[in-house]
Amino acid sequence: MKLNALQLDALAEIFNHGVGQAALALSELAGEEVQLSAPKVEELSRTQITDKLNEQGANRICAVRQGFSGDINTEALLMFPVDQSLQLVQLMVGDDFPLAQLSEMEQESLAEIGNILLNSVVSSVADMLNIEFEGTLPHVELGQVSEVLHTSESLDDLILSLQINFKIASRQIQGYLVFLLDVASSDMLEKKISAFLGSLS
Amino acid sequence: MSVESSTGPSASRLPIWLDWVLYNTQSGLVLLDADMRIVFANKWFLLRARLLAEEVNTKALLEVFPVLQGGHFERALVKAMRSGFPALMSQTLHPSPFPLYAPVGTRANENLLRQSIHIVPMGPVDVAIAGQRYTLIQITDVSPTFARERMLKAHADRMSDLVHIDALTGLGNRRFFDESMAAEVRAASRSGAHLGLVMLDIDRFKQFNDLYGHPAGDRCLQAVAEVLKAVCRRPRDLVARYGGEELAVILPDTDEAGAIQVAKDILQKLRDLRIAHADNLDQSVVTASAGVYAGQPHADASVASLIQNADQALYAAKNDGRNRVFCFDTGRNAALAV
């Protein structure tokens, strides 16, 4: 474990602020209320995340990936079981589509939804922990959990996982937001959180 | 990276090849300064916005394009410029934010282009060099992809229709009935609405087939189907061929009195057709019997039990002498004549 309970709590609070902002933006987009649950923040291994998604019966997942670089380098992934990603797009777009897979255009709308959530969460981290980031545009990946997660082996030092539940029109959709960090970045994050906690006391 | 050279009204001070690249790029490029003023817009964009460079350069973006004010685009742009993180706006969620049209401006071609938009603000490192945060808006015309997907969906819809339609009568088939019934029961239990169900069976249809032959039997079924279509004309009424000579009607937002009326109308209209049926006992024409069930399904209501109630009423109508409507009474747990 890289972070202690107090540090994880502080992160959860910061993430929650970002998730709240994202819920507002997504509600505006959907034209109806989108509720996002307060995320539970955990340090998990790749295997544990894979197991959690597999427990949901998600053999194949759909992920929105963005990279953030600067004081801290991280790959952020918002992952859904494929059927959940279909439902989410269907609810946001307000359209029923007979196709069993996300079309190109629908994948793009999933990228937009993920982009809103990832940018909000990372903005909160940047603002509250005083970190400068550059971000990339989102892209959508489809595949086995292990394939999607195992792309960058160096980003293995710290993996933060947030379980996020979307609630739209009385339907629940469960996703995972994962941040992969390398050694230098996880050390820096730990330092920044300590400074943040120090500034509070 | 230097942006200084492009701040003039024309990009003439750029290296010639860079000027040429921007001129020939096949997507729209609009560069904004930190005050949301247009520093540069490329030819692709200007042609489709039907504007000249001097009409946009140094002007405020939201004044050049007032339709963007207060919408999703402005919110996304403001957020991106503030956070420094790139944002994407998908065609599916925002079809055509910018008033862009096909460049050949014939009147037949006045549809707004379907747009996929990337908003890319400068990151902190480049901001430090440039002295302010510039933001690049990149617009791709996805109209062809949109058209292709719409065609694909229309095709998928048609395939779905084919597996849901009974070839002989043109009514929904059993699969359609089962799927619709499950969906309507769910919808009614959520909203607390009434749901009516009518099951119909053509009286002594086997004898009709024996007497007049199967082609006549097919024509008879088609005639009955037309009666059902004529009576159940509300957009959400669902009519299906449930089995051989058994037909079913799902009536959303319909209470018991309404469902009984529909059943009676169907039976009357069918008698009025006066299709000869010499072996229909005391009747000389084709008739049918109907079983009705209507109620407000609970969230845990089983579809099978609702169908069974209507079926029990149908069975009672048959036993009572045919050519009549029975309705299932939940209170007494029995089918009663109406």
# chains A, B, ... in the order shown; residues from 1 in each chain; ligands from 1

$ closest_atom_pairs --of "chain B" --to "chain A" --cutoff "6 Å" --atoms "only C-alpha atoms" --output "JSON lines"
{"residue": "B:Phe85", "atom": "CA", "partner": "A:Gly135", "partner_atom": "CA", "distance": 5.1}
{"residue": "B:Pro86", "atom": "CA", "partner": "A:Leu137", "partner_atom": "CA", "distance": 5.5}
{"residue": "B:Leu88", "atom": "CA", "partner": "A:Glu112", "partner_atom": "CA", "distance": 5.5}
{"residue": "B:Met89", "atom": "CA", "partner": "A:Glu112", "partner_atom": "CA", "distance": 6.0}
{"residue": "B:Ser90", "atom": "CA", "partner": "A:Ser109", "partner_atom": "CA", "distance": 5.1}
{"residue": "B:Gly123", "atom": "CA", "partner": "A:Glu134", "partner_atom": "CA", "distance": 5.0}

$ write_last_selection --atoms "C-alpha atoms" --output "PDB file, in the first residue's frame"
ATOM      1  CA  PHE B  85      -7.942  19.807 -20.753  1.00  0.00           C
ATOM      2  CA  PRO B  86      -9.085  18.906 -24.269  1.00  0.00           C
ATOM      3  CA  LEU B  88     -14.744  16.341 -27.375  1.00  0.00           C
ATOM      4  CA  MET B  89     -18.271  16.988 -28.594  1.00  0.00           C
ATOM      5  CA  SER B  90     -19.851  14.051 -30.364  1.00  0.00           C
ATOM      6  CA  GLY B 123      -1.364  22.957 -21.869  1.00  0.00           C
TER       7      GLY B 123
END

$ select_by_dssp --residues "region 43-199 of chain B" --states "strand (DSSP E or B)" --output "VMD selection string"
chain B and resid 60 87 to 89 101 112 115 to 121 135 to 141 165 172 195 to 199

$ residues_around --residues "Asp71 (chain A)" --least-positions-apart "4" --cutoff "12 Å" --atoms "only C-alpha atoms" --output "number ranges by chain"
A: 125-126, 129-134, 181-182, 184-189, 191-192; B: 124-125

$ closest_residue --among "A:Gln56, A:Gln101, A:Ser199, A:Ser45" --to "Gln87 (chain A)" --atoms "only C-alpha atoms"
A:Gln101

$ select_by_dssp --residues "region 34-113 of chain A" --states "helix (DSSP H, G or I)" --output "PyMOL selection string"
chain A and resi 46-55+82-93+104-113

$ residues_around --residues "region 162-179 of chain B" --least-positions-apart "2" --cutoff "7 Å" --atoms "only C-alpha atoms" --output "list in words"
Arg158, Met159, Ser160, Met181, Ala182, Ala183, Leu221, Gln222, Ala225, Val239, Ala240, Arg241 and Tyr242 of chain B

$ residues_around --residues "Val34 (chain A)" --least-positions-apart "4" --cutoff "8 Å" --atoms "only C-alpha atoms" --output "list of chain:residue names"
A:Ala23, A:Leu24, A:Leu26, A:Ser27, A:Ala30, A:Phe166, A:Lys167, A:Ile168, A:Ala169

$ closest_residue --among "B:Val231, B:Ala310, B:Val303, B:Met122" --to "Ser83 (chain B)" --atoms "only C-alpha atoms"
B:Met122

$ atom_distance --atom1 "CA of Ser302 (chain B)" --atom2 "CA of Glu184 (chain B)"
11.8 Å

$ closest_residue --among "B:Leu200, B:Tyr212, B:Pro252, B:Leu247" --to "Ala276 (chain B)" --atoms "only C-alpha atoms"
B:Tyr212

$ atom_distance --atom1 "CA of Leu180 (chain A)" --atom2 "CA of Leu77 (chain A)"
8.3 Å
